[in-house]
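Engineer: Compact mmCIF, C-alpha atoms, saved as coords-v8.txt, coming up:
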# COMPACT_ATOMS: atom_id res chain seq x y z
CA MET A 1 16.10 -74.68 6.69
CA LYS A 2 14.74 -77.68 8.56
CA LYS A 3 17.36 -79.91 6.89
CA PHE A 4 20.12 -77.53 7.92
CA ILE A 5 18.96 -77.48 11.56
CA GLU A 6 18.84 -81.29 11.56
CA SER A 7 22.39 -81.39 10.18
CA ILE A 8 23.58 -79.04 12.93
CA SER A 9 21.98 -81.26 15.57
CA ASN A 10 23.69 -84.30 14.00
CA VAL A 11 27.07 -82.66 14.59
CA TRP A 12 26.69 -83.17 18.35
CA LYS A 13 25.80 -86.84 17.90
CA ILE A 14 29.31 -87.60 16.63
CA GLU A 15 31.57 -87.70 19.67
CA GLU A 16 34.86 -87.16 17.80
CA LEU A 17 33.49 -84.23 15.80
CA LYS A 18 31.98 -82.64 18.92
CA ASN A 19 35.30 -82.89 20.77
CA ARG A 20 37.19 -81.38 17.84
CA ILE A 21 34.80 -78.43 17.65
CA LEU A 22 35.05 -77.82 21.41
CA ILE A 23 38.87 -77.96 21.27
CA THR A 24 38.87 -75.52 18.35
CA LEU A 25 36.59 -73.07 20.17
CA GLY A 26 38.67 -73.34 23.35
CA LEU A 27 41.97 -72.63 21.58
CA LEU A 28 40.43 -69.74 19.64
CA LEU A 29 39.19 -68.32 22.94
CA VAL A 30 42.73 -68.49 24.34
CA TYR A 31 44.01 -66.61 21.28
CA ARG A 32 41.37 -63.90 21.65
CA PHE A 33 42.14 -63.56 25.37
CA GLY A 34 45.85 -63.10 24.64
CA ALA A 35 45.04 -60.38 22.10
CA GLN A 36 43.65 -58.26 24.97
CA VAL A 37 46.76 -58.53 27.20
CA THR A 38 48.87 -55.38 26.88
CA LEU A 39 52.67 -55.61 26.84
CA PRO A 40 54.17 -55.24 30.35
CA GLY A 41 55.52 -51.75 30.90
CA ILE A 42 52.83 -49.93 28.85
CA ASP A 43 49.97 -47.98 30.37
CA ALA A 44 46.87 -49.40 28.67
CA THR A 45 44.99 -46.12 29.25
CA GLN A 46 47.48 -44.23 27.04
CA LEU A 47 46.86 -46.16 23.80
CA GLY A 48 44.58 -43.57 22.19
CA ASN A 49 47.17 -42.41 19.66
CA LEU A 50 47.95 -45.97 18.61
CA ALA A 51 44.25 -46.71 18.14
CA GLY A 52 43.94 -43.55 16.04
CA GLN A 53 46.83 -44.72 13.85
CA THR A 54 44.99 -47.93 13.01
CA LYS A 55 41.60 -46.44 12.17
CA GLU A 56 42.37 -46.10 8.47
CA GLY A 57 45.02 -46.83 5.87
CA ILE A 58 47.65 -49.55 6.18
CA GLY A 59 47.39 -49.57 9.97
CA SER A 60 43.76 -50.69 9.75
CA ILE A 61 44.80 -53.74 7.70
CA LEU A 62 47.47 -54.74 10.22
CA ASP A 63 45.05 -54.28 13.09
CA MET A 64 42.37 -56.29 11.28
CA PHE A 65 44.59 -59.32 10.70
CA THR A 66 45.68 -59.33 14.35
CA GLY A 67 42.12 -58.97 15.64
CA GLY A 68 42.79 -55.59 17.26
CA ALA A 69 45.98 -56.78 19.01
CA PHE A 70 48.11 -54.32 17.02
CA SER A 71 46.22 -51.29 18.36
CA GLN A 72 46.14 -52.81 21.87
CA ALA A 73 49.96 -53.11 22.03
CA SER A 74 49.19 -56.71 22.93
CA VAL A 75 51.51 -59.65 23.48
CA PHE A 76 49.97 -60.93 20.20
CA ALA A 77 50.51 -57.59 18.44
CA LEU A 78 52.34 -59.26 15.54
CA GLY A 79 49.81 -62.09 15.48
CA ILE A 80 50.34 -64.93 13.07
CA MET A 81 51.49 -62.67 10.22
CA PRO A 82 55.25 -63.44 10.59
CA TYR A 83 54.40 -67.11 10.08
CA ILE A 84 52.38 -66.25 6.95
CA SER A 85 55.31 -64.19 5.64
CA ALA A 86 57.72 -67.07 6.33
CA SER A 87 55.43 -69.54 4.56
CA ILE A 88 55.28 -67.31 1.49
CA VAL A 89 59.08 -66.89 1.43
CA VAL A 90 59.67 -70.65 1.74
CA GLN A 91 57.14 -71.36 -0.98
CA LEU A 92 58.75 -68.88 -3.37
CA MET A 93 62.24 -70.11 -2.51
CA GLY A 94 61.10 -73.61 -3.41
CA ILE A 95 61.03 -72.53 -7.05
CA ALA A 96 64.74 -71.66 -7.14
CA ILE A 97 66.41 -73.80 -4.45
CA PRO A 98 66.89 -77.48 -5.41
CA TYR A 99 67.02 -78.61 -1.76
CA LEU A 100 63.54 -77.26 -1.09
CA GLN A 101 62.28 -78.74 -4.36
CA LYS A 102 63.54 -82.13 -3.21
CA LEU A 103 61.82 -81.73 0.15
CA GLN A 104 58.54 -80.86 -1.59
CA SER A 105 58.69 -84.16 -3.47
CA ASP A 106 59.66 -86.27 -0.43
CA GLY A 107 56.13 -86.62 0.87
CA GLU A 108 55.38 -86.47 4.61
CA SER A 109 59.03 -86.39 5.75
CA GLY A 110 59.80 -83.51 3.38
CA ARG A 111 56.73 -81.62 4.55
CA LYS A 112 57.87 -81.91 8.18
CA LYS A 113 61.30 -80.50 7.31
CA ILE A 114 59.74 -77.62 5.36
CA ASN A 115 57.50 -76.86 8.36
CA GLN A 116 60.57 -76.79 10.61
CA ILE A 117 62.36 -74.39 8.23
CA THR A 118 59.24 -72.20 8.19
CA ARG A 119 59.15 -72.09 12.00
CA TRP A 120 62.78 -70.99 12.28
CA LEU A 121 62.26 -68.37 9.58
CA THR A 122 59.18 -67.16 11.48
CA ILE A 123 61.35 -66.51 14.54
CA GLY A 124 63.87 -64.61 12.38
CA ILE A 125 61.15 -62.43 10.84
CA THR A 126 59.62 -61.74 14.26
CA LEU A 127 63.03 -60.68 15.61
CA VAL A 128 63.09 -58.04 12.87
CA GLN A 129 59.46 -56.97 13.14
CA GLY A 130 59.47 -56.85 16.97
CA PRO A 131 61.94 -53.92 17.34
CA THR A 132 60.17 -52.18 14.43
CA TYR A 133 56.87 -52.40 16.28
CA ILE A 134 58.45 -51.10 19.49
CA TYR A 135 59.98 -48.20 17.53
CA ASN A 136 56.50 -47.39 16.23
CA LEU A 137 55.25 -47.33 19.83
CA TYR A 138 58.02 -44.86 20.71
CA ARG A 139 56.91 -42.59 17.87
CA THR A 140 53.18 -42.90 18.53
CA LEU A 141 52.60 -43.06 22.30
CA PRO A 142 53.36 -40.29 24.80
CA SER A 143 56.43 -40.76 26.99
CA ASN A 144 54.33 -41.25 30.14
CA ALA A 145 52.78 -44.37 28.55
CA PHE A 146 56.04 -46.26 29.19
CA LEU A 147 56.05 -47.29 32.83
CA LEU A 148 59.64 -48.56 32.74
CA GLY A 149 60.90 -45.35 31.21
CA PHE A 150 60.96 -43.98 27.69
CA ASN A 151 63.53 -45.75 25.45
CA SER A 152 64.66 -48.01 28.29
CA PHE A 153 66.65 -51.10 27.28
CA GLU A 154 64.76 -53.26 29.77
CA PHE A 155 61.45 -52.47 28.08
CA LEU A 156 62.84 -52.95 24.56
CA PHE A 157 64.50 -56.30 25.33
CA SER A 158 61.60 -57.77 27.31
CA SER A 159 58.99 -56.57 24.79
CA VAL A 160 60.81 -58.09 21.81
CA ILE A 161 61.12 -61.41 23.65
CA ILE A 162 57.42 -61.31 24.54
CA LEU A 163 56.39 -60.47 20.96
CA VAL A 164 58.49 -63.35 19.60
CA THR A 165 57.02 -65.69 22.21
CA GLY A 166 53.51 -64.47 21.41
CA THR A 167 53.95 -65.23 17.71
CA ILE A 168 55.41 -68.68 18.48
CA PHE A 169 52.52 -69.40 20.85
CA ALA A 170 49.98 -68.27 18.22
CA MET A 171 51.72 -70.53 15.69
CA TRP A 172 51.51 -73.42 18.17
CA LEU A 173 47.79 -72.74 18.71
CA GLY A 174 47.21 -72.85 14.96
CA GLU A 175 49.03 -76.16 14.59
CA LYS A 176 47.12 -77.67 17.52
CA ILE A 177 43.82 -76.59 15.97
CA THR A 178 44.88 -78.29 12.73
CA ASP A 179 45.87 -81.52 14.52
CA LYS A 180 43.20 -81.75 17.21
CA GLY A 181 40.46 -79.43 15.96
CA ILE A 182 38.60 -78.58 12.76
CA GLY A 183 40.13 -77.11 9.63
CA ASN A 184 43.33 -75.16 9.02
CA GLY A 185 44.27 -73.65 12.37
CA ILE A 186 46.37 -70.77 11.00
CA SER A 187 43.56 -69.70 8.68
CA LEU A 188 41.03 -69.91 11.52
CA LEU A 189 43.17 -67.64 13.70
CA ILE A 190 43.27 -65.05 10.92
CA MET A 191 39.53 -65.34 10.30
CA VAL A 192 38.69 -64.95 13.99
CA GLY A 193 40.92 -61.87 14.16
CA ILE A 194 39.08 -60.36 11.19
CA LEU A 195 35.64 -61.22 12.57
CA ALA A 196 36.56 -59.62 15.90
CA ARG A 197 36.53 -56.22 14.16
CA LEU A 198 33.19 -56.77 12.43
CA PRO A 199 30.80 -55.84 15.31
CA GLN A 200 32.64 -52.59 16.07
CA ALA A 201 32.75 -51.62 12.39
CA PHE A 202 29.02 -52.30 11.98
CA ILE A 203 28.13 -50.34 15.13
CA GLN A 204 30.10 -47.34 13.85
CA GLU A 205 28.28 -47.52 10.51
CA PHE A 206 24.91 -47.93 12.26
CA THR A 207 25.63 -44.90 14.44
CA THR A 208 26.60 -42.83 11.42
CA ARG A 209 23.58 -43.81 9.34
CA VAL A 210 20.81 -43.98 11.94
CA THR A 211 21.81 -42.04 15.04
CA ASN A 212 23.43 -39.17 13.14
CA ASN A 213 20.71 -39.33 10.46
CA ASN A 214 23.19 -39.71 7.61
CA GLY A 215 21.14 -41.67 5.11
CA GLY A 216 18.82 -43.37 7.58
CA PRO A 217 18.00 -47.05 8.14
CA MET A 218 17.04 -47.64 4.51
CA LEU A 219 20.55 -46.90 3.26
CA LEU A 220 21.95 -49.19 5.95
CA VAL A 221 19.66 -51.99 4.72
CA ILE A 222 20.87 -51.41 1.16
CA GLU A 223 24.47 -51.66 2.36
CA ILE A 224 23.75 -54.99 4.06
CA ILE A 225 22.11 -56.33 0.88
CA VAL A 226 25.13 -55.25 -1.20
CA TRP A 227 27.43 -56.87 1.38
CA LEU A 228 25.54 -60.19 1.17
CA LEU A 229 25.69 -60.07 -2.64
CA VAL A 230 29.45 -59.54 -2.51
CA ILE A 231 29.77 -62.52 -0.16
CA ILE A 232 27.82 -64.66 -2.64
CA CYS A 233 30.17 -63.52 -5.42
CA CYS A 234 33.17 -64.46 -3.26
CA VAL A 235 31.70 -67.91 -2.65
CA LEU A 236 31.26 -68.38 -6.39
CA LEU A 237 34.86 -67.25 -6.98
CA VAL A 238 36.25 -69.62 -4.36
CA MET A 239 34.25 -72.67 -5.46
CA ALA A 240 34.11 -72.19 -9.26
CA VAL A 241 35.95 -74.92 -11.20
CA ARG A 242 36.37 -75.95 -14.81
CA LYS A 243 35.95 -79.72 -15.10
CA ILE A 244 38.27 -81.41 -17.58
CA PRO A 245 36.94 -84.89 -18.52
CA VAL A 246 39.41 -87.74 -18.08
CA GLN A 247 39.01 -91.26 -19.41
CA TYR A 248 40.63 -94.25 -17.67
CA ALA A 249 40.81 -97.37 -19.81
CA ARG A 250 39.84 -100.65 -18.14
CA ARG A 251 41.72 -103.55 -19.70
CA THR A 252 39.86 -106.60 -20.99
CA THR A 253 41.17 -110.11 -21.59
CA SER A 254 40.69 -109.69 -25.34
CA GLY A 255 43.14 -106.78 -25.41
CA ASP A 256 40.89 -104.95 -27.88
CA PHE A 257 41.63 -101.22 -27.58
CA GLU A 258 38.15 -100.15 -28.70
CA GLN A 259 36.57 -102.43 -26.12
CA ASP A 260 38.92 -100.98 -23.49
CA MET A 261 37.67 -97.51 -24.31
CA LEU A 262 34.03 -98.53 -24.00
CA ASN A 263 34.65 -100.16 -20.63
CA GLY A 264 36.66 -97.21 -19.28
CA ASN A 265 35.79 -95.11 -16.27
CA ARG A 266 35.33 -91.36 -16.75
CA GLN A 267 36.38 -88.85 -14.12
CA TRP A 268 37.23 -85.15 -13.96
CA ILE A 269 40.18 -82.87 -13.31
CA PRO A 270 38.79 -79.81 -11.47
CA LEU A 271 40.75 -76.67 -12.42
CA LYS A 272 39.85 -73.82 -10.07
CA LEU A 273 38.89 -70.46 -11.49
CA ASN A 274 40.93 -68.84 -8.73
CA ALA A 275 43.69 -71.36 -8.09
CA SER A 276 45.91 -68.77 -6.38
CA GLY A 277 43.42 -67.96 -3.62
CA VAL A 278 44.16 -64.78 -1.68
CA MET A 279 47.93 -64.83 -2.30
CA PRO A 280 47.93 -62.32 -5.23
CA ILE A 281 46.24 -59.74 -2.98
CA ILE A 282 48.81 -60.33 -0.23
CA PHE A 283 51.70 -60.00 -2.70
CA ALA A 284 50.22 -56.85 -4.23
CA GLN A 285 49.55 -55.38 -0.79
CA ALA A 286 53.19 -55.90 0.16
CA ILE A 287 54.40 -54.24 -3.05
CA MET A 288 52.14 -51.24 -2.43
CA PHE A 289 54.13 -50.42 0.72
CA ILE A 290 57.31 -49.85 -1.29
CA PRO A 291 56.57 -46.62 -3.27
CA ALA A 292 55.47 -44.69 -0.18
CA ALA A 293 58.45 -46.01 1.82
CA LEU A 294 60.97 -44.99 -0.87
CA ALA A 295 59.33 -41.65 -1.50
CA GLY A 296 59.31 -40.98 2.25
CA LEU A 297 63.12 -40.87 2.19
CA SER A 298 62.96 -37.69 0.13
CA LYS A 299 61.46 -34.37 1.20
CA SER A 300 60.69 -33.05 -2.31
CA ASP A 301 57.16 -32.06 -3.29
CA ALA A 302 56.99 -34.82 -5.91
CA SER A 303 57.94 -37.42 -3.33
CA GLN A 304 55.35 -36.15 -0.90
CA SER A 305 52.67 -36.38 -3.60
CA VAL A 306 53.68 -40.03 -4.19
CA VAL A 307 53.46 -40.69 -0.46
CA GLY A 308 49.99 -39.16 -0.40
CA ALA A 309 48.79 -41.15 -3.43
CA PHE A 310 50.07 -44.52 -2.20
CA SER A 311 49.08 -43.99 1.43
CA ASN A 312 45.41 -43.51 0.58
CA MET A 313 43.99 -47.02 0.25
CA PHE A 314 40.74 -45.63 -1.10
CA GLY A 315 42.30 -43.36 -3.73
CA PHE A 316 42.06 -43.86 -7.50
CA TRP A 317 45.76 -44.32 -8.33
CA TYR A 318 46.39 -46.64 -5.42
CA ASN A 319 43.58 -48.97 -6.45
CA LEU A 320 44.46 -48.81 -10.16
CA VAL A 321 48.02 -49.97 -9.48
CA PHE A 322 46.74 -52.41 -6.83
CA ALA A 323 44.30 -54.06 -9.26
CA THR A 324 46.97 -54.31 -11.98
CA LEU A 325 49.41 -55.99 -9.59
CA ILE A 326 46.73 -58.47 -8.49
CA ILE A 327 46.09 -59.52 -12.11
CA VAL A 328 49.83 -59.95 -12.75
CA PHE A 329 50.44 -61.88 -9.53
CA THR A 330 47.41 -64.11 -10.15
CA PHE A 331 48.98 -65.39 -13.37
CA PHE A 332 52.40 -65.66 -11.70
CA TYR A 333 51.21 -67.55 -8.62
CA THR A 334 48.95 -69.85 -10.64
CA ALA A 335 51.87 -70.71 -12.92
CA ILE A 336 54.06 -71.81 -10.00
CA THR A 337 51.39 -73.61 -7.97
CA VAL A 338 49.50 -75.49 -10.71
CA PRO A 339 52.07 -77.92 -12.22
CA THR A 340 50.41 -78.87 -15.51
CA ASN A 341 53.47 -80.91 -16.54
CA LYS A 342 53.27 -83.02 -13.39
CA MET A 343 49.50 -83.41 -13.81
CA SER A 344 50.06 -84.67 -17.36
CA ASP A 345 52.77 -87.14 -16.25
CA ASP A 346 50.64 -88.47 -13.37
CA LEU A 347 47.69 -88.87 -15.72
CA LYS A 348 49.80 -90.81 -18.21
CA ARG A 349 51.27 -93.11 -15.55
CA SER A 350 47.80 -93.93 -14.21
CA GLY A 351 46.52 -94.88 -17.66
CA GLY A 352 44.28 -91.84 -18.02
CA PHE A 353 43.88 -89.39 -20.88
CA ILE A 354 41.76 -86.44 -21.92
CA PRO A 355 39.42 -87.44 -24.78
CA GLY A 356 40.73 -86.04 -28.06
CA ILE A 357 44.12 -85.05 -26.57
CA ARG A 358 47.25 -87.17 -26.82
CA PRO A 359 48.96 -88.06 -23.53
CA GLY A 360 52.22 -86.32 -22.69
CA VAL A 361 53.20 -82.92 -24.07
CA GLU A 362 49.87 -82.25 -25.80
CA THR A 363 47.98 -82.91 -22.57
CA SER A 364 50.30 -80.58 -20.66
CA ASP A 365 49.89 -77.84 -23.29
CA TYR A 366 46.11 -78.30 -23.27
CA LEU A 367 45.88 -78.03 -19.47
CA ASP A 368 48.15 -74.98 -19.52
CA LYS A 369 45.98 -73.32 -22.18
CA VAL A 370 42.75 -74.00 -20.28
CA MET A 371 44.34 -72.79 -17.05
CA SER A 372 45.39 -69.53 -18.73
CA LEU A 373 41.91 -68.99 -20.21
CA ILE A 374 40.10 -69.42 -16.90
CA THR A 375 42.74 -67.52 -14.89
CA PHE A 376 42.15 -64.31 -16.84
CA PRO A 377 38.49 -63.81 -15.82
CA GLY A 378 39.35 -65.14 -12.38
CA SER A 379 42.08 -62.51 -11.96
CA LEU A 380 39.74 -59.73 -13.10
CA PHE A 381 37.07 -60.88 -10.65
CA LEU A 382 39.64 -61.12 -7.85
CA ALA A 383 40.95 -57.61 -8.61
CA LEU A 384 37.40 -56.23 -8.63
CA ILE A 385 36.66 -57.74 -5.22
CA ALA A 386 39.98 -56.42 -3.89
CA VAL A 387 39.22 -52.80 -4.87
CA PHE A 388 35.51 -52.98 -4.08
CA PRO A 389 35.94 -51.37 -0.62
CA ALA A 390 37.24 -48.24 -2.36
CA ILE A 391 34.29 -48.34 -4.77
CA ILE A 392 31.75 -48.68 -1.97
CA VAL A 393 33.35 -45.79 -0.05
CA SER A 394 33.22 -43.57 -3.15
CA VAL A 395 29.69 -44.49 -4.21
CA MET A 396 27.87 -44.85 -0.86
CA ASP A 397 30.12 -42.91 1.54
CA VAL A 398 30.54 -45.94 3.80
CA GLN A 399 32.76 -45.78 6.88
CA GLN A 400 36.22 -47.09 6.00
CA SER A 401 36.28 -49.66 8.81
CA TRP A 402 32.96 -51.12 7.60
CA ALA A 403 34.00 -50.87 3.92
CA MET A 404 36.95 -53.21 4.57
CA PHE A 405 34.44 -56.07 4.91
CA PHE A 406 33.03 -55.46 1.42
CA GLY A 407 36.00 -57.08 -0.29
CA GLY A 408 39.75 -57.39 -0.30
CA THR A 409 41.82 -59.89 1.61
CA SER A 410 39.58 -59.99 4.67
CA LEU A 411 36.38 -61.06 2.91
CA ILE A 412 38.05 -63.66 0.70
CA ILE A 413 39.83 -65.16 3.72
CA MET A 414 36.59 -65.32 5.70
CA VAL A 415 34.69 -66.96 2.84
CA GLY A 416 37.49 -69.40 2.00
CA VAL A 417 38.06 -70.49 5.60
CA ALA A 418 34.32 -70.80 6.26
CA ILE A 419 33.88 -73.04 3.20
CA ASP A 420 36.90 -75.15 4.14
CA THR A 421 35.63 -75.61 7.71
CA MET A 422 32.15 -76.56 6.50
CA GLN A 423 33.68 -79.11 4.13
CA GLN A 424 35.62 -80.65 7.03
CA ILE A 425 32.47 -80.94 9.13
CA ASN A 426 30.57 -82.17 6.10
CA SER A 427 33.01 -85.05 5.57
CA TYR A 428 32.53 -86.21 9.19
CA LEU A 429 28.74 -86.17 8.81
CA LEU A 430 28.80 -88.09 5.54
CA ASN A 431 31.21 -90.69 6.94
CA LYS A 432 28.75 -91.30 9.78
CA HIS A 433 25.85 -91.62 7.31
CA TYR A 434 24.24 -88.26 8.10
CA ASP A 435 23.20 -85.55 5.68
CA GLY A 436 26.03 -83.06 5.27
CA LEU A 437 25.86 -79.31 5.79
CA MET A 438 26.57 -78.68 2.11
CA LYS A 439 24.31 -81.29 0.57
CA SER A 440 20.53 -81.59 0.44
CA GLY A 441 18.62 -84.78 0.01
CA LYS A 442 17.10 -87.60 1.97
CA ASN A 443 18.30 -88.19 5.48
CA ARG A 444 20.80 -90.97 5.79
CA LYS A 445 20.06 -93.48 8.54
CA ALA A 446 22.88 -94.06 10.97
CA VAL A 447 24.33 -97.54 10.81
CA ALA A 448 24.25 -99.36 14.10
For the structure just supplied, provide its representation as structure tokens.
Structural biologist:
Amino acid sequence: MKKFIESISNVWKIEELKNRILITLGLLLVYRFGAQVTLPGIDATQLGNLAGQTKEGIGSILDMFTGGAFSQASVFALGIMPYISASIVVQLMGIAIPYLQKLQSDGESGRKKINQITRWLTIGITLVQGPTYIYNLYRTLPSNAFLLGFNSFEFLFSSVIILVTGTIFAMWLGEKITDKGIGNGISLLIMVGILARLPQAFIQEFTTRVTNNNGGPMLLVIEIIVWLLVIICCVLLVMAVRKIPVQYARRTTSGDFEQDMLNGNRQWIPLKLNASGVMPIIFAQAIMFIPAALAGLSKSDASQSVVGAFSNMFGFWYNLVFATLIIVFTFFYTAITVPTNKMSDDLKRSGGFIPGIRPGVETSDYLDKVMSLITFPGSLFLALIAVFPAIIVSVMDVQQSWAMFFGGTSLIIMVGVAIDTMQQINSYLLNKHYDGLMKSGKNRKAVA
């Protein structure tokens, strides 16, 4: 603990790192302030129905990722999610469109063009989602909540423009945090939005357990212990890797191959247990909207039963299908994001090889086999974490808002972003000859 406190104090001794942290905190504060600003033309005291809509089910997920802005009818009501959707679409399109494939291989210039395409697509998605959100406000809020008149064109037009501008501004904040601050700015905005709901969810659970005498403080303590254990499991899932040994031959003047092998340098290829990150959960979550939407077009009893089954995020059938989709999408996303053929070619060009495996096709097949073997347990673990909120609700009767922090997209995002941010800070400390946050050992003396 003493080492950790010393490392924290060392952060403020590095001027560049201190400035980056302060800039990050300042921009995050701006984002959180904007999430509290209600759209012009809406009476903020009449948002009770909208808040009720986001207490459970799909609405709670949307509200969580926007940090409560969705239920506040805020100028940031759509948050950064249109940008995330655009990024996913561009990434998937890169598999089939040769132009995008070329840009992906063009290095920094190609990356800038892809970012520009993503920004324009973000605007297009927001122009579709903005009117949809306003239509939801018309259906949810009472008519006297609209100060400019119910269904007025002035309110619709101005609100859509503001929502698009809010998303663009949030995207700009994320990019500025990435350039001038610490870590991935977009991910930090999402994490801060999720964390903003944590105190309220915990207070509701505390009130239910202690104040209303529903289980008492002991059960609340058990819940916290289970929550911490789940966080530890998420950390293990995010950081777990399978190390593939790689040998690099160092040439000698004699040209003797055996001597080259003895003088070679050994390194590792780290293959992540969960190479797809949180993307399979996001894909599966999007697919889960479809059955209820299609069934909602029909008024038959069978259709209504489908709507009921796929609208209950904590129901058995919903989570069974959800877990199955996550496993399938984990294999799919890993296959398209981990290019074993390219890894094999790069290894061969650099003079490296895996001991016992021939360079070229055999190396590619070997890496693909290992990747498949470690992806299977990784996908099962990811699916279990994704459906764990439903399990904890069923077993311990936890409040749904508090249960959302026991797994799923929110917890994995929080853990992943926290680890990434700590690694960024850690690299600054190590470069300045200080002990890092993620490494124990003797203190390094600063070099004058």
Engineer: May I ask which of the residues A:Tyr366, A:Phe155, A:Phe329, A:Phe388 is the closest one to Met343 in chain A, counting only C-alpha atoms?
Structural biologist: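 Nearest candidate to Met343 in chain A out of A:Tyr366, A:Phe155, A:Phe329, A:Phe388: A:Tyr366.
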Engineer: Report, in Å with one decimal, the straight-line distance from CA of Val395 in chain A to CA of Asp63 in chain A.
Structural biologist: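 Here the two named atoms are 25.1 Å from each other.
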Engineer: With all atoms listed in the file as the counted atoms, please give the residues lying no more than 7 Å from range 400-402 of chain A, apart from itself and same-chain residues fewer than 2 positions off, as a PDB file with C-alpha atoms, in the coordinates of the input.
Structural biologist:
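part.pdb was written with the following content:
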ATOM      1  CA  GLU A  56      42.370 -46.100   8.470  1.00  0.00           C
ATOM      2  CA  ALA A 201      32.750 -51.620  12.390  1.00  0.00           C
ATOM      3  CA  PHE A 202      29.020 -52.300  11.980  1.00  0.00           C
ATOM      4  CA  GLU A 205      28.280 -47.520  10.510  1.00  0.00           C
ATOM      5  CA  VAL A 393      33.350 -45.790  -0.050  1.00  0.00           C
ATOM      6  CA  VAL A 398      30.540 -45.940   3.800  1.00  0.00           C
ATOM      7  CA  MET A 404      36.950 -53.210   4.570  1.00  0.00           C
ATOM      8  CA  PHE A 405      34.440 -56.070   4.910  1.00  0.00           C
TER       9      PHE A 405
END
Engineer: Restricting the calculation to all atoms listed in the file, which member of A:Gly215, A:Gly185, A:Gly34, A:Pro142 is positioned closest to Thr165 in chain A?
Structural biologist: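 The answer is A:Gly34, which sits nearest to Thr165 in chain A.
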Engineer: Using only C-alpha atoms, find all polymer residues with an atom at most 12 Å away from the point (44.7, -75.9, -15.3); report them as a VMD selection string.
Structural biologist: chain A and resid 241 to 244 268 to 276 331 334 to 344 363 to 376
Engineer: Between A:Gly277, A:Gly26, A:Pro377, A:Gly356, which has the minimum distance to Gly408 in chain A (counting all atoms listed in the file)?
Structural biologist: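 Closest candidate: A:Gly277.
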